[in-house]
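Peer 1: Mind having a look at this structure? Questions to follow.
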Amino acid sequence: MIIQDAPAKKITIDTEGDVRLHLAAVYRLLAHFGMDDLIFTHASARVPGEDAFLINPFGLFFNEVSPASLVKLDFDGNVVGSARHAANAAGFVIHGAILRARPDVNCVIHTHTRAGVAISCLADGILPMNQFAIEFHERIGCHGYEGIAFNMDEGERLDRDIKGKIALVLRNHGLLTVGATIPAAFYFTYYLEQTARVQMDVLATGRAITMPDEATIAATMQQYTSARDPAAAGHRMWPALLRLLDSNYPNWRD
Ligand SMILES: [Zn+2]
């Protein structure tokens, strides 16, 4: 007999104010879980009903980002409204291109974690060696390194490589995930990071690796793509993550 959990309660993120709050939460959670890189890397989210998206103010640590400090950009890279800080140019190239090309995506999260950069240097890429990794098996694309993303042309190649995928290994650079919702994108980022950390830990032992058999990998992939809706998983854990922020960082919503 196969049983399933009750449906997750959907989080409402309908207004710019909602997006600001939940995207600021992403920055705080990236910092909390050690997935930040000083002031670098970026996460973005589409502003509902506008050709615009929100991204971090360049120069702030992720644990300093607040709903009000996020910068609104249009798809030509112009700041919309007033902003106390400028945005990051490479952030515009990467996030603007993906959000413009993928109407199904509302949030993009990019990291430079130690494990993420390490796995991005492996010729083998991500191996389906455990339950975390199988969620991404054949659903993660690969984008070759072109230097720091200052060239607008790179956006076209990012769009080509992310087509139909939930995440990208940015070769020699880091990781990137996309989601239909902010909680779904964070869910993928958290578990892609776990995937990278575990694989690098396993490889560092130098010992023989036990891989799941191919039929089990295929069956588990099927579970991830049908029985377990990633957006629902993200929404299920999101209230707990917001409680974590409220109890550890009482002023994060200001
Ligand atoms: Zn980067």
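Letters A, B, ... mark the chains of the structure tokens in the order given; residue numbers begin at 1 per chain; ligand numbers begin at 1, in order shown.
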Counting only C-alpha atoms and all ligand atoms, give me one row per residue of chain A with an atom at most 8 Å from an atom of ligand 1, showing the shortest contact pair and its distance in Å to one decimal, sorted by chain then residue number, as JSON lines.

Peer 2:
```
{"residue": "A:Phe40", "atom": "CA", "partner": "ligand 1", "partner_atom_place_in_ligand_line": "1 (Zn)", "distance": 7.3}
{"residue": "A:Thr41", "atom": "CA", "partner": "ligand 1", "partner_atom_place_in_ligand_line": "1 (Zn)", "distance": 5.1}
{"residue": "A:His42", "atom": "CA", "partner": "ligand 1", "partner_atom_place_in_ligand_line": "1 (Zn)", "distance": 7.7}
{"residue": "A:Ala90", "atom": "CA", "partner": "ligand 1", "partner_atom_place_in_ligand_line": "1 (Zn)", "distance": 7.5}
{"residue": "A:Gly91", "atom": "CA", "partner": "ligand 1", "partner_atom_place_in_ligand_line": "1 (Zn)", "distance": 7.8}
{"residue": "A:His110", "atom": "CA", "partner": "ligand 1", "partner_atom_place_in_ligand_line": "1 (Zn)", "distance": 6.6}
{"residue": "A:Thr111", "atom": "CA", "partner": "ligand 1", "partner_atom_place_in_ligand_line": "1 (Zn)", "distance": 6.5}
{"residue": "A:His112", "atom": "CA", "partner": "ligand 1", "partner_atom_place_in_ligand_line": "1 (Zn)", "distance": 6.1}
{"residue": "A:Ile148", "atom": "CA", "partner": "ligand 1", "partner_atom_place_in_ligand_line": "1 (Zn)", "distance": 7.2}
{"residue": "A:Ala149", "atom": "CA", "partner": "ligand 1", "partner_atom_place_in_ligand_line": "1 (Zn)", "distance": 7.5}
{"residue": "A:His173", "atom": "CA", "partner": "ligand 1", "partner_atom_place_in_ligand_line": "1 (Zn)", "distance": 6.1}
{"residue": "A:Gly174", "atom": "CA", "partner": "ligand 1", "partner_atom_place_in_ligand_line": "1 (Zn)", "distance": 6.4}
```

Peer 1: When you look at A:Arg114 with a cut-off of 9 Å (counting only C-alpha atoms), what residues show up, excluding the ones that are within fewer than 4 positions of it in the same chain? I need them as a VMD selection string.

Peer 2: chain A and resid 35 118 to 119 174 197

Peer 1: Using only C-alpha atoms, which of A:Met129, A:Val108, A:Gly141, A:Gly49 sits nearest A:Met200?

Peer 2: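 Smallest separation from A:Met200 among the options: A:Met129.
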
Peer 1: Report, in Å to a single decimal, how far apart atom CA of A:Leu30 and atom CA of A:Met152 are.

Peer 2: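 That distance, rounded to one decimal, is 26.5 Å.
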
Peer 1: What are the nearest atom pairs, with distances in Å to one decimal, for all residues of stretch 107-188 of chain A that come at most 12 Å from stretch 241-244 of chain A, using only C-alpha atoms, set out by chain and rising residue number as CSV?

Peer 2:
```
residue,atom,partner,partner_atom,distance
A:Pro183,CA,A:Leu241,CA,9.7
A:Phe186,CA,A:Leu241,CA,10.4
A:Tyr187,CA,A:Leu241,CA,10.7
```

Peer 1: Could you go through stretch 131-247 of chain A and tell me which residues DSSP, when run on the backbone, assigns to strand (DSSP E or B), listing them as a short mmCIF file (atom, residue, chain, number, x, y, z; two decimals) with all heavy atoms, in the first residue's frame?

Peer 2:
```cif
data_model
loop_
_atom_site.label_atom_id
_atom_site.label_comp_id
_atom_site.auth_asym_id
_atom_site.auth_seq_id
_atom_site.Cartn_x
_atom_site.Cartn_y
_atom_site.Cartn_z
N ILE A 140 18.74 18.43 -13.64
CA ILE A 140 19.66 19.55 -13.42
C ILE A 140 20.50 19.73 -14.67
O ILE A 140 21.03 18.77 -15.21
CB ILE A 140 20.51 19.32 -12.15
CG1 ILE A 140 21.39 20.54 -11.87
CG2 ILE A 140 21.35 18.07 -12.20
CD1 ILE A 140 21.93 20.57 -10.44
N GLY A 141 20.58 20.97 -15.16
CA GLY A 141 21.38 21.26 -16.33
C GLY A 141 22.79 21.66 -15.95
O GLY A 141 23.15 21.72 -14.77
N CYS A 142 23.59 21.93 -16.97
CA CYS A 142 24.99 22.28 -16.74
C CYS A 142 25.34 23.46 -17.64
O CYS A 142 24.98 23.48 -18.82
CB CYS A 142 25.84 21.06 -17.10
SG CYS A 142 27.54 21.31 -16.73
N HIS A 143 25.97 24.46 -17.06
CA HIS A 143 26.32 25.67 -17.81
C HIS A 143 27.82 25.89 -17.71
O HIS A 143 28.36 25.99 -16.61
CB HIS A 143 25.55 26.87 -17.23
CG HIS A 143 25.87 28.16 -17.87
ND1 HIS A 143 25.44 28.50 -19.14
CD2 HIS A 143 26.62 29.22 -17.45
CE1 HIS A 143 25.89 29.71 -19.45
NE2 HIS A 143 26.61 30.17 -18.44
N ALA A 167 17.29 23.18 -11.93
CA ALA A 167 18.54 23.68 -11.33
C ALA A 167 19.65 23.63 -12.36
O ALA A 167 19.52 22.98 -13.41
CB ALA A 167 18.91 22.84 -10.11
N LEU A 168 20.74 24.32 -12.05
CA LEU A 168 21.93 24.31 -12.91
C LEU A 168 23.17 24.13 -12.05
O LEU A 168 23.29 24.75 -10.98
CB LEU A 168 22.10 25.64 -13.63
CG LEU A 168 21.38 25.92 -14.94
CD1 LEU A 168 21.77 27.32 -15.43
CD2 LEU A 168 21.71 24.88 -15.99
N VAL A 169 24.09 23.30 -12.54
CA VAL A 169 25.46 23.38 -12.06
C VAL A 169 26.15 24.42 -12.94
O VAL A 169 26.19 24.25 -14.17
CB VAL A 169 26.18 22.02 -12.18
CG1 VAL A 169 27.66 22.18 -11.86
CG2 VAL A 169 25.54 20.99 -11.26
N LEU A 170 26.62 25.49 -12.34
CA LEU A 170 27.40 26.48 -13.08
C LEU A 170 28.85 26.04 -12.96
O LEU A 170 29.45 26.15 -11.88
CB LEU A 170 27.19 27.88 -12.48
CG LEU A 170 25.73 28.37 -12.42
CD1 LEU A 170 25.65 29.69 -11.65
CD2 LEU A 170 25.13 28.53 -13.80
N GLY A 174 29.46 27.53 -9.23
CA GLY A 174 28.50 27.34 -8.13
C GLY A 174 27.23 26.67 -8.60
O GLY A 174 27.23 25.94 -9.60
N LEU A 175 26.14 26.94 -7.89
CA LEU A 175 24.86 26.27 -8.15
C LEU A 175 23.76 27.30 -8.34
O LEU A 175 23.88 28.45 -7.87
CB LEU A 175 24.51 25.35 -6.97
CG LEU A 175 25.53 24.26 -6.63
CD1 LEU A 175 25.13 23.55 -5.34
CD2 LEU A 175 25.66 23.25 -7.77
N LEU A 176 22.67 26.87 -8.95
CA LEU A 176 21.52 27.76 -9.17
C LEU A 176 20.27 26.89 -9.21
O LEU A 176 20.28 25.81 -9.80
CB LEU A 176 21.72 28.51 -10.48
CG LEU A 176 20.65 29.52 -10.89
CD1 LEU A 176 21.31 30.70 -11.63
CD2 LEU A 176 19.58 28.90 -11.78
N THR A 177 19.21 27.37 -8.56
CA THR A 177 17.93 26.67 -8.64
C THR A 177 16.84 27.65 -9.03
O THR A 177 16.96 28.86 -8.84
CB THR A 177 17.53 26.02 -7.29
OG1 THR A 177 17.25 27.06 -6.35
CG2 THR A 177 18.60 25.11 -6.75
N VAL A 178 15.76 27.10 -9.56
CA VAL A 178 14.59 27.92 -9.90
C VAL A 178 13.34 27.27 -9.30
O VAL A 178 13.32 26.06 -9.06
CB VAL A 178 14.42 28.05 -11.43
CG1 VAL A 178 15.62 28.74 -12.06
CG2 VAL A 178 14.16 26.70 -12.11
N GLY A 179 12.33 28.09 -9.08
CA GLY A 179 11.08 27.55 -8.54
C GLY A 179 9.89 28.36 -9.01
O GLY A 179 10.01 29.57 -9.28
#
```

Peer 1: List the spatial neighbours of stretch 93-104 of chain A as number ranges by chain - criterion: any atom at most 10 Å away, only C-alpha atoms, same-chain residues fewer than 2 positions off excluded.

Peer 2: A: 42-46, 51-55, 73-77, 88-91, 106-110, 149-160, 162-164, 176, 178-181

Peer 1: Residues of the last selection are to be written out with N, CA and C atoms, as a short mmCIF file (atom, residue, chain, number, x, y, z; two decimals), in the first residue's frame.

Peer 2:
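Result saved to result.cif:
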```cif
data_model
loop_
_atom_site.label_atom_id
_atom_site.label_comp_id
_atom_site.auth_asym_id
_atom_site.auth_seq_id
_atom_site.Cartn_x
_atom_site.Cartn_y
_atom_site.Cartn_z
N HIS A 42 23.32 35.94 -5.36
CA HIS A 42 22.04 36.66 -5.39
C HIS A 42 20.88 35.70 -5.50
N ALA A 43 19.75 36.15 -5.00
CA ALA A 43 18.47 35.47 -5.19
C ALA A 43 17.50 36.53 -5.68
N SER A 44 16.56 36.13 -6.53
CA SER A 44 15.63 37.10 -7.10
C SER A 44 14.23 36.51 -7.12
N ALA A 45 13.25 37.39 -7.24
CA ALA A 45 11.86 36.94 -7.38
C ALA A 45 11.09 37.95 -8.21
N ARG A 46 10.20 37.42 -9.02
CA ARG A 46 9.40 38.25 -9.92
C ARG A 46 8.37 39.05 -9.12
N ASP A 51 6.69 43.72 -15.25
CA ASP A 51 7.91 43.22 -15.90
C ASP A 51 9.10 43.67 -15.05
N ALA A 52 9.20 43.12 -13.87
CA ALA A 52 10.24 43.56 -12.93
C ALA A 52 10.50 42.44 -11.92
N PHE A 53 11.66 42.53 -11.29
CA PHE A 53 11.98 41.55 -10.25
C PHE A 53 12.77 42.23 -9.14
N LEU A 54 12.81 41.56 -8.00
CA LEU A 54 13.52 42.07 -6.83
C LEU A 54 14.80 41.27 -6.63
N ILE A 55 15.86 41.98 -6.21
CA ILE A 55 17.16 41.34 -5.99
C ILE A 55 17.84 42.08 -4.84
N LEU A 73 14.25 45.88 -10.15
CA LEU A 73 14.83 46.13 -11.47
C LEU A 73 13.84 45.76 -12.56
N ASP A 74 13.87 46.50 -13.68
CA ASP A 74 13.12 46.01 -14.85
C ASP A 74 14.04 45.11 -15.66
N PHE A 75 13.52 44.57 -16.78
CA PHE A 75 14.31 43.60 -17.54
C PHE A 75 15.35 44.26 -18.45
N ASP A 76 15.45 45.59 -18.38
CA ASP A 76 16.56 46.28 -19.04
C ASP A 76 17.64 46.66 -18.03
N GLY A 77 17.43 46.29 -16.77
CA GLY A 77 18.44 46.58 -15.76
C GLY A 77 18.27 47.92 -15.06
N ASN A 88 23.69 44.23 -8.22
CA ASN A 88 24.91 43.65 -8.71
C ASN A 88 24.75 43.36 -10.22
N ALA A 89 25.72 43.76 -11.04
CA ALA A 89 25.59 43.63 -12.50
C ALA A 89 25.47 42.17 -12.92
N ALA A 90 26.31 41.31 -12.36
CA ALA A 90 26.23 39.89 -12.73
C ALA A 90 24.89 39.31 -12.29
N GLY A 91 24.37 39.82 -11.19
CA GLY A 91 23.05 39.37 -10.72
C GLY A 91 21.98 39.70 -11.73
N ASN A 106 9.30 31.88 -10.84
CA ASN A 106 9.10 33.15 -10.14
C ASN A 106 10.22 33.47 -9.16
N CYS A 107 11.13 32.52 -8.94
CA CYS A 107 12.23 32.75 -8.01
C CYS A 107 13.47 32.00 -8.51
N VAL A 108 14.62 32.67 -8.43
CA VAL A 108 15.91 32.10 -8.85
C VAL A 108 16.89 32.32 -7.69
N ILE A 109 17.60 31.27 -7.29
CA ILE A 109 18.55 31.38 -6.18
C ILE A 109 19.91 30.85 -6.65
N HIS A 110 20.93 31.66 -6.46
CA HIS A 110 22.28 31.31 -6.92
C HIS A 110 23.23 31.33 -5.72
N ALA A 149 29.82 36.84 -14.78
CA ALA A 149 28.72 37.03 -15.74
C ALA A 149 28.42 38.50 -15.99
N PHE A 150 29.36 39.19 -16.68
CA PHE A 150 29.14 40.60 -17.01
C PHE A 150 28.64 40.78 -18.45
N ASN A 151 28.68 39.72 -19.26
CA ASN A 151 28.27 39.84 -20.66
C ASN A 151 26.80 39.48 -20.82
N MET A 152 26.03 40.39 -21.38
CA MET A 152 24.60 40.12 -21.57
C MET A 152 24.38 38.88 -22.43
N ASP A 153 25.32 38.61 -23.35
CA ASP A 153 25.19 37.43 -24.23
C ASP A 153 25.06 36.14 -23.44
N GLU A 154 25.66 36.10 -22.25
CA GLU A 154 25.66 34.85 -21.50
C GLU A 154 24.23 34.46 -21.11
N GLY A 155 23.35 35.45 -20.99
CA GLY A 155 21.96 35.16 -20.64
C GLY A 155 21.32 34.17 -21.59
N GLU A 156 21.62 34.29 -22.88
CA GLU A 156 21.02 33.37 -23.87
C GLU A 156 21.48 31.94 -23.61
N ARG A 157 22.73 31.78 -23.25
CA ARG A 157 23.24 30.43 -23.01
C ARG A 157 22.75 29.88 -21.68
N LEU A 158 22.55 30.76 -20.70
CA LEU A 158 21.93 30.31 -19.44
C LEU A 158 20.50 29.83 -19.71
N ASP A 159 19.77 30.57 -20.53
CA ASP A 159 18.40 30.18 -20.86
C ASP A 159 18.37 28.83 -21.57
N ARG A 160 19.32 28.62 -22.48
CA ARG A 160 19.40 27.34 -23.19
C ARG A 160 19.65 26.21 -22.19
N ILE A 162 19.13 26.07 -18.85
CA ILE A 162 18.14 25.86 -17.78
C ILE A 162 16.80 25.37 -18.35
N LYS A 163 16.68 25.30 -19.66
CA LYS A 163 15.39 24.95 -20.29
C LYS A 163 14.89 23.60 -19.77
N GLY A 164 13.70 23.59 -19.22
CA GLY A 164 13.09 22.35 -18.74
C GLY A 164 13.70 21.78 -17.47
N LEU A 176 22.67 26.87 -8.95
CA LEU A 176 21.52 27.76 -9.17
C LEU A 176 20.27 26.89 -9.21
N VAL A 178 15.76 27.10 -9.56
CA VAL A 178 14.59 27.92 -9.90
C VAL A 178 13.34 27.27 -9.30
N GLY A 179 12.33 28.09 -9.08
CA GLY A 179 11.08 27.55 -8.54
C GLY A 179 9.89 28.36 -9.01
N ALA A 180 8.75 27.70 -9.08
CA ALA A 180 7.51 28.41 -9.39
C ALA A 180 7.14 29.35 -8.26
N THR A 181 7.60 29.03 -7.06
CA THR A 181 7.36 29.89 -5.90
C THR A 181 8.67 30.08 -5.14
#
```

Peer 1: Mind checking which residues fall within 6 Å of stretch 23-27 of chain A, counting only C-alpha atoms, ignoring those fewer than 2 positions away in the same chain, and posting them as a ChimeraX atom specification?

Peer 2: /A:19-21,29-30,62,66-67

Peer 1: List the spatial neighbours of A:Pro128 as an NGL selection string - criterion: any atom at most 12 Å away, only C-alpha atoms, same-chain residues fewer than 2 positions off excluded.

Peer 2: :A and (124-126 or 130-140 or 192 or 195-196 or 198-199 or 209-214 or 216-218 or 220-221)

Peer 1: Using N, CA, C and O atoms, can you export the residues from the last selection as a CSV table (one decimal), in the first residue's frame?

Peer 2:
```
chain,number,residue,atom,x,y,z
A,124,ASP,N,32.4,14.6,-13.4
A,124,ASP,CA,31.3,13.7,-13.3
A,124,ASP,C,30.0,14.4,-12.9
A,124,ASP,O,28.9,13.8,-13.0
A,125,GLY,N,30.1,15.6,-12.3
A,125,GLY,CA,28.9,16.3,-11.9
A,125,GLY,C,28.3,15.6,-10.7
A,125,GLY,O,29.0,15.0,-9.9
A,126,ILE,N,27.0,15.7,-10.6
A,126,ILE,CA,26.2,15.2,-9.4
A,126,ILE,C,25.8,13.8,-9.7
A,126,ILE,O,25.2,13.5,-10.7
A,130,ASN,N,22.5,9.0,-3.5
A,130,ASN,CA,21.7,9.0,-2.3
A,130,ASN,C,20.3,9.7,-2.6
A,130,ASN,O,20.1,10.3,-3.7
A,131,GLN,N,19.5,9.7,-1.6
A,131,GLN,CA,18.1,10.2,-1.8
A,131,GLN,C,18.1,11.7,-2.1
A,131,GLN,O,17.3,12.2,-2.9
A,132,PHE,N,19.0,12.5,-1.5
A,132,PHE,CA,19.1,13.9,-1.8
A,132,PHE,C,19.4,14.1,-3.3
A,132,PHE,O,18.7,14.9,-4.0
A,133,ALA,N,20.4,13.4,-3.8
A,133,ALA,CA,20.9,13.6,-5.1
A,133,ALA,C,19.9,13.1,-6.2
A,133,ALA,O,19.8,13.7,-7.3
A,134,ILE,N,19.1,12.0,-5.9
A,134,ILE,CA,18.2,11.5,-6.9
A,134,ILE,C,17.1,12.5,-7.3
A,134,ILE,O,16.6,12.5,-8.4
A,135,GLU,N,16.8,13.4,-6.4
A,135,GLU,CA,15.8,14.4,-6.7
A,135,GLU,C,16.2,15.2,-7.9
A,135,GLU,O,15.4,15.7,-8.6
A,136,PHE,N,17.5,15.4,-8.0
A,136,PHE,CA,18.0,16.3,-9.1
A,136,PHE,C,18.5,15.5,-10.3
A,136,PHE,O,18.8,16.1,-11.3
A,137,HIS,N,18.4,14.1,-10.3
A,137,HIS,CA,19.0,13.3,-11.3
A,137,HIS,C,18.2,13.6,-12.6
A,137,HIS,O,17.0,13.5,-12.7
A,138,GLU,N,18.9,13.9,-13.7
A,138,GLU,CA,18.3,14.2,-15.0
A,138,GLU,C,17.4,15.5,-15.0
A,138,GLU,O,16.7,15.7,-16.0
A,139,ARG,N,17.4,16.2,-13.9
A,139,ARG,CA,16.5,17.4,-13.8
A,139,ARG,C,17.4,18.6,-13.6
A,139,ARG,O,16.9,19.7,-13.4
A,140,ILE,N,18.7,18.4,-13.6
A,140,ILE,CA,19.7,19.5,-13.4
A,140,ILE,C,20.5,19.7,-14.7
A,140,ILE,O,21.0,18.8,-15.2
A,192,LEU,N,19.8,20.8,-2.9
A,192,LEU,CA,20.9,20.7,-3.8
A,192,LEU,C,22.2,21.0,-3.0
A,192,LEU,O,23.3,20.3,-3.3
A,195,THR,N,23.0,17.8,-1.2
A,195,THR,CA,23.5,16.9,-2.2
A,195,THR,C,25.0,17.1,-2.4
A,195,THR,O,25.8,16.2,-2.4
A,196,ALA,N,25.4,18.4,-2.6
A,196,ALA,CA,26.8,18.7,-2.9
A,196,ALA,C,27.6,18.4,-1.7
A,196,ALA,O,28.7,17.8,-1.8
A,198,VAL,N,27.1,16.2,0.8
A,198,VAL,CA,27.3,14.8,1.0
A,198,VAL,C,28.2,14.2,-0.1
A,198,VAL,O,29.1,13.4,0.3
A,199,GLN,N,28.0,14.5,-1.3
A,199,GLN,CA,28.8,13.9,-2.4
A,199,GLN,C,30.3,14.3,-2.1
A,199,GLN,O,31.2,13.4,-2.2
A,209,ILE,N,32.2,3.3,-3.1
A,209,ILE,CA,30.9,3.8,-3.0
A,209,ILE,C,29.8,2.8,-3.3
A,209,ILE,O,29.9,2.2,-4.3
A,210,THR,N,28.8,2.7,-2.5
A,210,THR,CA,27.6,1.9,-2.8
A,210,THR,C,26.6,2.7,-3.5
A,210,THR,O,26.1,3.7,-2.8
A,211,MET,N,26.3,2.4,-4.7
A,211,MET,CA,25.3,3.2,-5.4
A,211,MET,C,24.0,2.4,-5.4
A,211,MET,O,23.9,1.2,-5.4
A,212,PRO,N,22.8,3.2,-5.4
A,212,PRO,CA,21.5,2.5,-5.5
A,212,PRO,C,21.5,1.8,-6.9
A,212,PRO,O,22.1,2.3,-7.8
A,213,ASP,N,20.7,0.8,-7.1
A,213,ASP,CA,20.6,0.2,-8.4
A,213,ASP,C,19.7,1.0,-9.3
A,213,ASP,O,19.0,1.9,-8.8
A,214,GLU,N,19.9,0.8,-10.6
A,214,GLU,CA,19.2,1.7,-11.6
A,214,GLU,C,17.7,1.7,-11.4
A,214,GLU,O,17.1,2.7,-11.6
A,216,THR,N,15.9,1.2,-8.8
A,216,THR,CA,15.6,2.0,-7.6
A,216,THR,C,15.7,3.5,-7.8
A,216,THR,O,14.9,4.3,-7.4
A,217,ILE,N,16.8,3.9,-8.5
A,217,ILE,CA,17.0,5.3,-8.9
A,217,ILE,C,15.8,5.8,-9.7
A,217,ILE,O,15.2,6.8,-9.5
A,218,ALA,N,15.4,5.0,-10.7
A,218,ALA,CA,14.3,5.4,-11.6
A,218,ALA,C,13.0,5.5,-10.8
A,218,ALA,O,12.2,6.4,-11.0
A,220,THR,N,12.6,6.1,-7.6
A,220,THR,CA,12.7,7.2,-6.7
A,220,THR,C,12.5,8.5,-7.5
A,220,THR,O,11.8,9.4,-7.0
A,221,MET,N,13.1,8.6,-8.7
A,221,MET,CA,12.8,9.8,-9.5
A,221,MET,C,11.3,10.0,-9.7
A,221,MET,O,10.8,11.1,-9.7
```

Peer 1: Compile the contact shell of A:Lys10 as a ChimeraX atom specification: residues with an atom at most 8 Å away, counting only C-alpha atoms, same-chain residues fewer than 4 positions apart removed.

Peer 2: /A:232,235-236

Peer 1: What does the structure give for the distance between atom CA of A:Ala68 and atom CA of A:His22, in Å to one decimal?

Peer 2: 11.6 Å

Peer 1: Mind giving me the straight-line distance from atom CA of A:Pro239 to atom CA of A:Gly17 in Å, one decimal?

Peer 2: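 It comes out at 17.3 Å.
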
Peer 1: For the alpha helix (DSSP H) assignment from backbone DSSP, which residues of stretch 24-167 of chain A qualify? Please present them as a PyMOL selection string.

Peer 2: chain A and resi 24-32+89-91+97-101+114-120+131-134+154-162

Peer 1: Would you write out those residues with N, CA and C atoms, as a compact mmCIF listing (two decimals), in the first residue's frame?

Peer 2:
```
# COMPACT_ATOMS: atom_id res chain seq x y z
N ALA A 24 13.23 38.35 1.25
CA ALA A 24 14.14 38.71 2.36
C ALA A 24 14.36 37.49 3.25
N ALA A 25 13.32 36.69 3.44
CA ALA A 25 13.47 35.46 4.24
C ALA A 25 14.49 34.52 3.59
N VAL A 26 14.45 34.43 2.27
CA VAL A 26 15.43 33.57 1.57
C VAL A 26 16.85 34.02 1.90
N TYR A 27 17.10 35.33 1.83
CA TYR A 27 18.46 35.82 2.14
C TYR A 27 18.86 35.48 3.57
N ARG A 28 17.95 35.70 4.51
CA ARG A 28 18.26 35.40 5.91
C ARG A 28 18.51 33.91 6.11
N LEU A 29 17.72 33.08 5.42
CA LEU A 29 17.89 31.62 5.56
C LEU A 29 19.19 31.16 4.90
N LEU A 30 19.55 31.74 3.76
CA LEU A 30 20.84 31.39 3.14
C LEU A 30 21.97 31.68 4.11
N ALA A 31 21.90 32.84 4.78
CA ALA A 31 22.94 33.19 5.77
C ALA A 31 22.89 32.22 6.95
N HIS A 32 21.68 31.94 7.44
CA HIS A 32 21.53 31.08 8.62
C HIS A 32 22.14 29.69 8.38
N ALA A 89 25.72 43.76 -11.04
CA ALA A 89 25.59 43.63 -12.50
C ALA A 89 25.47 42.17 -12.92
N ALA A 90 26.31 41.31 -12.36
CA ALA A 90 26.23 39.89 -12.73
C ALA A 90 24.89 39.31 -12.29
N GLY A 91 24.37 39.82 -11.19
CA GLY A 91 23.05 39.37 -10.72
C GLY A 91 21.98 39.70 -11.73
N ALA A 97 17.90 37.25 -17.19
CA ALA A 97 17.77 36.35 -18.34
C ALA A 97 16.84 35.18 -18.01
N ILE A 98 17.02 34.58 -16.86
CA ILE A 98 16.23 33.38 -16.54
C ILE A 98 14.78 33.76 -16.28
N LEU A 99 14.54 34.82 -15.54
CA LEU A 99 13.15 35.21 -15.25
C LEU A 99 12.42 35.65 -16.52
N ARG A 100 13.15 36.24 -17.46
CA ARG A 100 12.51 36.66 -18.70
C ARG A 100 12.18 35.44 -19.57
N ALA A 101 13.08 34.46 -19.57
CA ALA A 101 12.90 33.31 -20.47
C ALA A 101 11.98 32.24 -19.90
N ARG A 114 30.96 26.42 -0.50
CA ARG A 114 32.18 25.62 -0.67
C ARG A 114 31.86 24.29 -1.38
N ALA A 115 30.82 23.59 -0.92
CA ALA A 115 30.49 22.31 -1.53
C ALA A 115 29.94 22.49 -2.94
N GLY A 116 29.19 23.58 -3.15
CA GLY A 116 28.61 23.82 -4.47
C GLY A 116 29.68 24.14 -5.51
N VAL A 117 30.65 24.97 -5.12
CA VAL A 117 31.74 25.27 -6.05
C VAL A 117 32.57 24.01 -6.28
N ALA A 118 32.79 23.25 -5.21
CA ALA A 118 33.61 22.02 -5.35
C ALA A 118 32.95 21.04 -6.32
N ILE A 119 31.65 20.82 -6.15
CA ILE A 119 30.99 19.83 -7.03
C ILE A 119 30.93 20.36 -8.46
N SER A 120 30.91 21.70 -8.62
CA SER A 120 30.84 22.27 -9.96
C SER A 120 32.15 22.05 -10.73
N GLN A 131 19.47 9.68 -1.59
CA GLN A 131 18.11 10.21 -1.76
C GLN A 131 18.09 11.70 -2.09
N PHE A 132 19.01 12.48 -1.48
CA PHE A 132 19.06 13.91 -1.82
C PHE A 132 19.36 14.08 -3.31
N ALA A 133 20.38 13.36 -3.77
CA ALA A 133 20.88 13.56 -5.14
C ALA A 133 19.88 13.10 -6.19
N ILE A 134 19.12 12.04 -5.88
CA ILE A 134 18.22 11.49 -6.90
C ILE A 134 17.12 12.49 -7.27
N GLU A 154 25.66 36.10 -22.25
CA GLU A 154 25.66 34.85 -21.50
C GLU A 154 24.23 34.46 -21.11
N GLY A 155 23.35 35.45 -20.99
CA GLY A 155 21.96 35.16 -20.64
C GLY A 155 21.32 34.17 -21.59
N GLU A 156 21.62 34.29 -22.88
CA GLU A 156 21.02 33.37 -23.87
C GLU A 156 21.48 31.94 -23.61
N ARG A 157 22.73 31.78 -23.25
CA ARG A 157 23.24 30.43 -23.01
C ARG A 157 22.75 29.88 -21.68
N LEU A 158 22.55 30.76 -20.70
CA LEU A 158 21.93 30.31 -19.44
C LEU A 158 20.50 29.83 -19.71
N ASP A 159 19.77 30.57 -20.53
CA ASP A 159 18.40 30.18 -20.86
C ASP A 159 18.37 28.83 -21.57
N ARG A 160 19.32 28.62 -22.48
CA ARG A 160 19.40 27.34 -23.19
C ARG A 160 19.65 26.21 -22.19
N ASP A 161 20.54 26.44 -21.23
CA ASP A 161 20.96 25.36 -20.33
C ASP A 161 19.94 25.08 -19.23
N ILE A 162 19.13 26.07 -18.85
CA ILE A 162 18.14 25.86 -17.78
C ILE A 162 16.80 25.37 -18.35
```
